[in-house]
Amino acid sequence: MVESLYNVENENPAIWVFLEHHDGVLEGVSLELLSRGRQLADVIGWELTGLLIGHQVASLAEEAIALGADRVILAEHPLLEHFTVNGYVHVAQQALLEYQPSIFLSGATPDGRDLAGRLAVRMRTGLNADCTDLRLDPKTGILICEVSGFGGGVLALIEMETHRPQMATVRPGVFVPGEADSGRAGSLVSLEFDLPPEIIQTRVVERVSGESLDLTQLPILVCGGRGIHGHFEWMYELANLLGGDVGATRPPVDEGHIERQRQIGSTGAICRPKVAICFGISGAFHFIVGIQEADMVIAINNDPKAEIFDHADYCIVGDTHEIVPALIQEIRDWKMEVGD
Ligand SMILES: Cc1cc2nc3c(=O)[nH]c(=O)nc-3n(C[C@H](O)[C@H](O)[C@H](O)COP(=O)(O)OP(=O)(O)OC[C@H]3O[C@@H](n4cnc5c(N)ncnc54)[C@H](O)[C@@H]3O)c2cc1C
């Protein structure tokens with residue numbers, strides 16, 4: 001077996017979180033990882049460190065400390081203004097080799113995945129990708145990563161016994177960000193690193209972001225499945241009346257009834273709404289993963305044996321063609337009555 005560049009004998013007791021940011025703002029998943037990282041670090045008495053790479057981003061370190069980091073390692077350089085996998089991996093690897101933390105976590109975002117994959121190969125360690133939970137054995141310091149495997153049929157727990165760092169990426173929305181405490185103390189350490197310009201093989205000419213859609217933090221999620229037979233106009237109307245937004249299972253996305261960024265589930269968004277209302281959805285594991293942290297699930301299905309009912313707080317057996325228009329009318333009438 002290939003040995004990692006450092007191993008369990010010379011690791012340092014620390015959990016690192018890659019602090020991803022865009023336009024001067026930390027990514028939501030980084031806040032979520034700081035929160036979970038803090039909980040894990042407290043379990044075992046280790047240090048939680050944020051790795052902050054960029055240009056003129058030092059102010060984000062304060063936020064990371066307020067959210068639970070004990071220390072932020074800062075690597076700033078004009079060539080690091082935009083994420084490039086060559087530049088960021090080059091710097092992150094130097095940081096890891098210098099400090100040798102036991103654990104390195106990153107968001108499973110496009111940039112986070114890009115960084116973690118290449119960094120794991122460079123460090124000759126493993127990477128648990130797209131984890132749905134992270135635990136820590138307080139006796140051994142081994143990170144236990146939960147991932148769904150075999151097409152979602154099993155949940156696998158993966159441990160890395162000898163290779164370091166123990167690397168994992170986690171999907172946005174899996175953990176809840178903590179409350180910021182501006183009184184928390186922490187340290188900021190500047191990383192000494194080399195960055196030959198020729199390392200960076202891409203140049204960011206312009207960053208164009210589409211309208212961002214974040215379904216992960218909505219209060220109310222109205223979800224349509226194959227059983228609404230393409231009537232997403234109902235879903236939008238309901239969501240509008242209830243002050244929420246619309247998600248979907250994979251089949252209507254694949255059939256072109258709704259855009260892919262609204263897909264909920266293991267290969268879509270993982271959400272934590274207060275209420276998820278599921279219309280015409282069978283309750284396949286891949287979908288349930290996306291709503292299982294909802295405070296309340298209401299399911300409407302014409303099959304009384306539908307699996308979704310095993311995951312719902314309120315179960316309504318009936319035809320979406322009858323129930324949805326009636327529900328919309330009922331809410332409209334009620335809103336008129338109360339003058340909303
Ligand atoms: C690797 C992999 C990744 C996947 N990732 C995802 C993912 O991220 N998200 C996701 O959703 N799926 C995903 N899937 C697909 C997933 O396994 C299911 O196939 C999918 O969730 C089923 O969607 P559905 O419930 O809308 O459709 P169906 O399973 O076809 O269920 C339709 C339901 O509607 C009910 N119904 C039909 N007509 C009516 C009516 N008139 N009134 C009321 N109820 C009605 C039926 O009784 C049925 O229960 C993935 C699959 C794989 C293999």
# chains A, B, ... in the order shown; residues from 1 in each chain; ligands from 1

$ residues_near_ligand --ligand "ligand 1" --cutoff "7 Å" --atoms "only C-alpha atoms and all ligand atoms" --output "PDB file with N, CA and C atoms, in the first residue's frame"
ATOM      1  N   GLY A 151     -25.630   2.625  -4.947  1.00  0.00           N
ATOM      2  CA  GLY A 151     -26.831   3.276  -5.471  1.00  0.00           C
ATOM      3  C   GLY A 151     -27.798   3.678  -4.387  1.00  0.00           C
ATOM      4  N   GLY A 152     -27.306   3.846  -3.153  1.00  0.00           N
ATOM      5  CA  GLY A 152     -28.171   4.308  -2.074  1.00  0.00           C
ATOM      6  C   GLY A 152     -28.758   3.172  -1.269  1.00  0.00           C
ATOM      7  N   GLY A 224     -42.562  18.348  -5.686  1.00  0.00           N
ATOM      8  CA  GLY A 224     -43.396  17.580  -6.608  1.00  0.00           C
ATOM      9  C   GLY A 224     -42.630  16.392  -7.147  1.00  0.00           C
ATOM     10  N   GLY A 225     -43.322  15.258  -7.239  1.00  0.00           N
ATOM     11  CA  GLY A 225     -42.715  14.061  -7.816  1.00  0.00           C
ATOM     12  C   GLY A 225     -43.411  13.682  -9.106  1.00  0.00           C
ATOM     13  N   ARG A 226     -43.140  12.456  -9.540  1.00  0.00           N
ATOM     14  CA  ARG A 226     -43.745  11.991 -10.798  1.00  0.00           C
ATOM     15  C   ARG A 226     -45.274  12.031 -10.714  1.00  0.00           C
ATOM     16  N   GLY A 227     -45.787  11.879  -9.488  1.00  0.00           N
ATOM     17  CA  GLY A 227     -47.242  11.816  -9.294  1.00  0.00           C
ATOM     18  C   GLY A 227     -47.964  13.147  -9.404  1.00  0.00           C
ATOM     19  N   ILE A 228     -47.278  14.221  -9.737  1.00  0.00           N
ATOM     20  CA  ILE A 228     -48.031  15.457 -10.042  1.00  0.00           C
ATOM     21  C   ILE A 228     -48.113  15.647 -11.561  1.00  0.00           C
ATOM     22  N   ALA A 248     -38.053  19.189  -6.388  1.00  0.00           N
ATOM     23  CA  ALA A 248     -38.616  18.095  -7.189  1.00  0.00           C
ATOM     24  C   ALA A 248     -37.804  16.833  -6.984  1.00  0.00           C
ATOM     25  N   THR A 249     -38.411  15.711  -7.322  1.00  0.00           N
ATOM     26  CA  THR A 249     -37.654  14.462  -7.366  1.00  0.00           C
ATOM     27  C   THR A 249     -36.940  14.405  -8.716  1.00  0.00           C
ATOM     28  N   ARG A 250     -36.167  13.359  -8.900  1.00  0.00           N
ATOM     29  CA  ARG A 250     -35.380  13.291 -10.127  1.00  0.00           C
ATOM     30  C   ARG A 250     -36.209  13.058 -11.398  1.00  0.00           C
ATOM     31  N   PRO A 251     -37.257  12.193 -11.351  1.00  0.00           N
ATOM     32  CA  PRO A 251     -37.963  11.939 -12.621  1.00  0.00           C
ATOM     33  C   PRO A 251     -38.496  13.199 -13.317  1.00  0.00           C
ATOM     34  N   PRO A 252     -39.192  14.124 -12.607  1.00  0.00           N
ATOM     35  CA  PRO A 252     -39.648  15.313 -13.334  1.00  0.00           C
ATOM     36  C   PRO A 252     -38.506  16.185 -13.851  1.00  0.00           C
ATOM     37  N   GLN A 263     -33.614  19.828  -7.976  1.00  0.00           N
ATOM     38  CA  GLN A 263     -33.701  18.426  -7.543  1.00  0.00           C
ATOM     39  C   GLN A 263     -33.274  18.301  -6.079  1.00  0.00           C
ATOM     40  N   ILE A 264     -34.081  17.558  -5.335  1.00  0.00           N
ATOM     41  CA  ILE A 264     -33.800  17.321  -3.915  1.00  0.00           C
ATOM     42  C   ILE A 264     -33.334  15.877  -3.775  1.00  0.00           C
ATOM     43  N   GLY A 265     -32.362  15.647  -2.918  1.00  0.00           N
ATOM     44  CA  GLY A 265     -31.974  14.259  -2.651  1.00  0.00           C
ATOM     45  C   GLY A 265     -30.484  14.026  -2.719  1.00  0.00           C
ATOM     46  N   SER A 266     -30.125  12.758  -2.817  1.00  0.00           N
ATOM     47  CA  SER A 266     -28.712  12.402  -2.698  1.00  0.00           C
ATOM     48  C   SER A 266     -27.871  13.004  -3.802  1.00  0.00           C
ATOM     49  N   THR A 267     -28.458  13.212  -4.983  1.00  0.00           N
ATOM     50  CA  THR A 267     -27.688  13.873  -6.038  1.00  0.00           C
ATOM     51  C   THR A 267     -28.249  15.266  -6.328  1.00  0.00           C
ATOM     52  N   GLY A 268     -29.029  15.775  -5.388  1.00  0.00           N
ATOM     53  CA  GLY A 268     -29.559  17.137  -5.509  1.00  0.00           C
ATOM     54  C   GLY A 268     -29.256  17.889  -4.225  1.00  0.00           C
ATOM     55  N   PHE A 279     -45.714  15.971  -2.773  1.00  0.00           N
ATOM     56  CA  PHE A 279     -46.860  15.581  -3.587  1.00  0.00           C
ATOM     57  C   PHE A 279     -46.447  14.531  -4.616  1.00  0.00           C
ATOM     58  N   GLY A 280     -47.123  13.394  -4.613  1.00  0.00           N
ATOM     59  CA  GLY A 280     -46.887  12.381  -5.640  1.00  0.00           C
ATOM     60  C   GLY A 280     -45.458  11.884  -5.676  1.00  0.00           C
ATOM     61  N   ILE A 281     -44.933  11.612  -4.481  1.00  0.00           N
ATOM     62  CA  ILE A 281     -43.527  11.154  -4.350  1.00  0.00           C
ATOM     63  C   ILE A 281     -43.545   9.812  -3.630  1.00  0.00           C
ATOM     64  N   SER A 282     -42.838   8.827  -4.204  1.00  0.00           N
ATOM     65  CA  SER A 282     -42.925   7.477  -3.636  1.00  0.00           C
ATOM     66  C   SER A 282     -42.141   7.330  -2.329  1.00  0.00           C
ATOM     67  N   GLY A 283     -41.051   8.094  -2.172  1.00  0.00           N
ATOM     68  CA  GLY A 283     -40.272   8.003  -0.932  1.00  0.00           C
ATOM     69  C   GLY A 283     -39.025   7.143  -1.077  1.00  0.00           C
ATOM     70  N   ALA A 284     -38.438   7.156  -2.290  1.00  0.00           N
ATOM     71  CA  ALA A 284     -37.191   6.411  -2.512  1.00  0.00           C
ATOM     72  C   ALA A 284     -36.087   7.010  -1.637  1.00  0.00           C
ATOM     73  N   PHE A 285     -35.171   6.146  -1.231  1.00  0.00           N
ATOM     74  CA  PHE A 285     -34.066   6.575  -0.360  1.00  0.00           C
ATOM     75  C   PHE A 285     -33.365   7.824  -0.899  1.00  0.00           C
ATOM     76  N   HIS A 286     -33.099   7.824  -2.210  1.00  0.00           N
ATOM     77  CA  HIS A 286     -32.341   8.940  -2.792  1.00  0.00           C
ATOM     78  C   HIS A 286     -33.038  10.279  -2.600  1.00  0.00           C
ATOM     79  N   PHE A 287     -34.356  10.266  -2.552  1.00  0.00           N
ATOM     80  CA  PHE A 287     -35.083  11.510  -2.308  1.00  0.00           C
ATOM     81  C   PHE A 287     -35.113  11.817  -0.808  1.00  0.00           C
ATOM     82  N   ILE A 300     -48.520  13.491   0.378  1.00  0.00           N
ATOM     83  CA  ILE A 300     -49.788  13.256  -0.322  1.00  0.00           C
ATOM     84  C   ILE A 300     -49.503  12.250  -1.425  1.00  0.00           C
ATOM     85  N   ASN A 301     -50.186  11.114  -1.392  1.00  0.00           N
ATOM     86  CA  ASN A 301     -49.926  10.067  -2.377  1.00  0.00           C
ATOM     87  C   ASN A 301     -51.193   9.238  -2.516  1.00  0.00           C
ATOM     88  N   ASN A 302     -51.471   8.755  -3.725  1.00  0.00           N
ATOM     89  CA  ASN A 302     -52.703   7.968  -3.903  1.00  0.00           C
ATOM     90  C   ASN A 302     -52.525   6.495  -3.550  1.00  0.00           C
ATOM     91  N   ASP A 303     -51.280   6.127  -3.197  1.00  0.00           N
ATOM     92  CA  ASP A 303     -51.029   4.741  -2.815  1.00  0.00           C
ATOM     93  C   ASP A 303     -50.844   4.679  -1.290  1.00  0.00           C
ATOM     94  N   ALA A 306     -47.446   3.699   0.002  1.00  0.00           N
ATOM     95  CA  ALA A 306     -46.241   4.407  -0.477  1.00  0.00           C
ATOM     96  C   ALA A 306     -45.244   4.576   0.676  1.00  0.00           C
ATOM     97  N   GLY A 318     -54.604  10.316  -1.378  1.00  0.00           N
ATOM     98  CA  GLY A 318     -55.517  10.937  -2.326  1.00  0.00           C
ATOM     99  C   GLY A 318     -54.815  11.309  -3.607  1.00  0.00           C
ATOM    100  N   ASP A 319     -55.606  11.782  -4.553  1.00  0.00           N
ATOM    101  CA  ASP A 319     -55.114  12.124  -5.889  1.00  0.00           C
ATOM    102  C   ASP A 319     -54.639  13.584  -5.903  1.00  0.00           C
ATOM    103  N   THR A 320     -53.424  13.786  -6.354  1.00  0.00           N
ATOM    104  CA  THR A 320     -52.890  15.163  -6.389  1.00  0.00           C
ATOM    105  C   THR A 320     -53.776  16.077  -7.241  1.00  0.00           C
ATOM    106  N   HIS A 321     -54.405  15.519  -8.293  1.00  0.00           N
ATOM    107  CA  HIS A 321     -55.255  16.338  -9.167  1.00  0.00           C
ATOM    108  C   HIS A 321     -56.431  16.929  -8.409  1.00  0.00           C
TER     109      HIS A 321
END

$ residues_around --residues "segment 105-119 of chain A" --least-positions-apart "4" --cutoff "8 Å" --atoms "only C-alpha atoms" --output "PDB file with C-alpha atoms, in the first residue's frame"
ATOM      1  CA  ILE A  15      -9.337  19.201  12.644  1.00  0.00           C
ATOM      2  CA  TRP A  16      -8.939  21.485   9.652  1.00  0.00           C
ATOM      3  CA  VAL A  17     -11.719  23.057   7.626  1.00  0.00           C
ATOM      4  CA  PHE A  18     -11.075  24.522   4.188  1.00  0.00           C
ATOM      5  CA  LEU A  19     -12.692  27.981   4.316  1.00  0.00           C
ATOM      6  CA  GLU A  20     -14.205  28.450   0.889  1.00  0.00           C
ATOM      7  CA  VAL A  29     -20.955  24.851   3.742  1.00  0.00           C
ATOM      8  CA  SER A  30     -17.795  26.222   5.376  1.00  0.00           C
ATOM      9  CA  LEU A  33     -18.292  22.456   8.669  1.00  0.00           C
ATOM     10  CA  PHE A  83      -9.846  29.758  -6.913  1.00  0.00           C
ATOM     11  CA  VAL A  85      -7.072  24.165  -8.465  1.00  0.00           C
ATOM     12  CA  TYR A  88      -4.900  26.388  -4.108  1.00  0.00           C
ATOM     13  CA  VAL A  89      -3.723  22.765  -4.007  1.00  0.00           C
ATOM     14  CA  ALA A  92      -2.889  23.784   0.791  1.00  0.00           C
ATOM     15  CA  GLN A  93      -0.358  20.978   0.439  1.00  0.00           C
ATOM     16  CA  MET A 123      -0.881  13.683   0.008  1.00  0.00           C
ATOM     17  CA  LEU A 127     -10.862  10.920   0.435  1.00  0.00           C
ATOM     18  CA  ALA A 129     -16.459  12.051  -0.782  1.00  0.00           C
ATOM     19  CA  ASP A 130     -19.968  13.419  -0.308  1.00  0.00           C
ATOM     20  CA  MET A 167      -9.981  13.739   4.289  1.00  0.00           C
ATOM     21  CA  ALA A 168     -13.689  14.151   3.663  1.00  0.00           C
ATOM     22  CA  THR A 169     -15.989  16.341   1.622  1.00  0.00           C
ATOM     23  CA  VAL A 170     -19.487  17.062   2.912  1.00  0.00           C
ATOM     24  CA  ARG A 171     -22.486  18.226   0.914  1.00  0.00           C
ATOM     25  CA  PRO A 172     -23.975  21.651   1.686  1.00  0.00           C
TER      26      PRO A 172
END

$ select_by_dssp --residues "segment 288-331 of chain A" --states "helix (DSSP H, G or I)" --output "ChimeraX atom specification"
/A:288,307-311,320-331

$ atom_distance --atom1 "atom CA of His82 of chain A" --atom2 "atom CA of Arg36 of chain A"
26.4 Å

$ residues_around --residues "Gln217 of chain A" --least-positions-apart "3" --cutoff "8 Å" --atoms "only C-alpha atoms" --output "compact mmCIF listing (two decimals) with C-alpha atoms, in the first residue's frame"
# COMPACT_ATOMS: atom_id res chain seq x y z
CA GLY A 173 -26.98 21.42 4.01
CA ASP A 214 -30.41 27.96 -2.33
CA CYS A 271 -32.58 20.58 2.82
CA ARG A 272 -33.65 21.33 6.38
CA PRO A 273 -36.99 23.08 6.00

$ select_by_dssp --residues "segment 50-264 of chain A" --states "strand (DSSP E)" --output "count of residues only"
60

$ residues_around --residues "Leu74 of chain A" --least-positions-apart "6" --cutoff "7 Å" --atoms "only C-alpha atoms" --output "PyMOL selection string"
chain A and resi 51-53+188-191

$ decode --residues "segment 102-199 of chain A" --atoms "C-alpha atoms" --output "compact mmCIF listing (two decimals), in the first residue's frame"
# COMPACT_ATOMS: atom_id res chain seq x y z
CA SER A 102 -5.19 14.59 11.57
CA ILE A 103 -8.33 15.64 9.69
CA PHE A 104 -9.03 17.88 6.69
CA LEU A 105 -12.63 18.72 5.74
CA SER A 106 -13.97 20.54 2.73
CA GLY A 107 -17.40 21.31 1.30
CA ALA A 108 -18.56 19.09 -1.57
CA THR A 109 -18.96 22.16 -3.78
CA PRO A 110 -17.43 22.34 -7.27
CA ASP A 111 -14.30 24.08 -5.93
CA GLY A 112 -14.17 22.05 -2.70
CA ARG A 113 -14.38 18.76 -4.60
CA ASP A 114 -11.78 19.89 -7.09
CA LEU A 115 -9.38 20.87 -4.31
CA ALA A 116 -9.96 17.82 -2.10
CA GLY A 117 -9.60 15.27 -4.90
CA ARG A 118 -6.30 16.58 -6.13
CA LEU A 119 -4.97 17.28 -2.65
CA ALA A 120 -5.75 13.71 -1.51
CA VAL A 121 -3.75 12.33 -4.44
CA ARG A 122 -0.83 14.66 -3.68
CA MET A 123 -0.88 13.68 0.01
CA ARG A 124 -1.27 10.00 -0.98
CA THR A 125 -4.18 9.65 1.37
CA GLY A 126 -7.83 8.71 0.92
CA LEU A 127 -10.86 10.92 0.44
CA ASN A 128 -14.35 10.13 1.69
CA ALA A 129 -16.46 12.05 -0.78
CA ASP A 130 -19.97 13.42 -0.31
CA CYS A 131 -20.36 12.37 3.31
CA THR A 132 -23.79 12.54 4.91
CA ASP A 133 -22.43 12.50 8.47
CA LEU A 134 -19.11 12.73 10.31
CA ARG A 135 -18.32 11.25 13.72
CA LEU A 136 -15.12 10.91 15.67
CA ASP A 137 -13.99 8.03 17.86
CA PRO A 138 -12.81 9.91 20.98
CA LYS A 139 -10.42 7.10 21.95
CA THR A 140 -8.58 6.72 18.65
CA GLY A 141 -9.19 10.02 16.85
CA ILE A 142 -10.46 8.08 13.86
CA LEU A 143 -12.97 9.95 11.75
CA ILE A 144 -16.03 7.89 10.90
CA CYS A 145 -17.53 9.06 7.62
CA GLU A 146 -21.04 8.08 6.59
CA VAL A 147 -21.56 7.80 2.85
CA SER A 148 -24.34 6.23 0.83
CA GLY A 149 -23.16 3.36 -1.31
CA PHE A 150 -24.38 0.85 -3.89
CA GLY A 151 -26.83 3.28 -5.47
CA GLY A 152 -28.17 4.31 -2.07
CA GLY A 153 -29.05 0.79 -0.96
CA VAL A 154 -26.65 0.95 1.99
CA LEU A 155 -25.13 3.54 4.25
CA ALA A 156 -21.45 2.77 4.60
CA LEU A 157 -19.24 3.91 7.47
CA ILE A 158 -15.68 4.47 6.31
CA GLU A 159 -12.64 4.85 8.53
CA MET A 160 -9.06 5.61 7.58
CA GLU A 161 -6.76 3.79 9.97
CA THR A 162 -3.25 4.68 8.90
CA HIS A 163 -3.30 7.35 6.18
CA ARG A 164 -3.28 11.04 7.04
CA PRO A 165 -4.83 13.48 6.80
CA GLN A 166 -8.23 11.85 7.08
CA MET A 167 -9.98 13.74 4.29
CA ALA A 168 -13.69 14.15 3.66
CA THR A 169 -15.99 16.34 1.62
CA VAL A 170 -19.49 17.06 2.91
CA ARG A 171 -22.49 18.23 0.91
CA PRO A 172 -23.97 21.65 1.69
CA GLY A 173 -26.98 21.42 4.01
CA VAL A 174 -25.90 18.28 5.90
CA PHE A 175 -24.93 20.20 9.06
CA VAL A 176 -26.41 23.29 10.66
CA PRO A 177 -24.22 26.41 11.00
CA GLY A 178 -23.63 27.51 14.59
CA GLU A 179 -24.32 30.89 16.17
CA ALA A 180 -21.48 33.38 15.77
CA ASP A 181 -19.90 34.54 19.04
CA SER A 182 -17.90 37.71 18.40
CA GLY A 183 -16.29 37.37 21.84
CA ARG A 184 -14.55 34.07 20.98
CA ALA A 185 -10.76 34.23 21.00
CA GLY A 186 -8.62 32.64 18.34
CA SER A 187 -5.32 33.18 16.58
CA LEU A 188 -4.43 34.13 13.04
CA VAL A 189 -1.25 32.65 11.61
CA SER A 190 0.20 33.65 8.25
CA LEU A 191 1.49 30.75 6.21
CA GLU A 192 4.91 31.03 4.60
CA PHE A 193 4.65 29.46 1.16
CA ASP A 194 6.08 29.53 -2.31
CA LEU A 195 3.88 30.05 -5.34
CA PRO A 196 5.75 30.06 -8.66
CA PRO A 197 3.41 31.79 -11.17
CA GLU A 198 3.86 28.99 -13.70
CA ILE A 199 2.10 26.60 -11.27
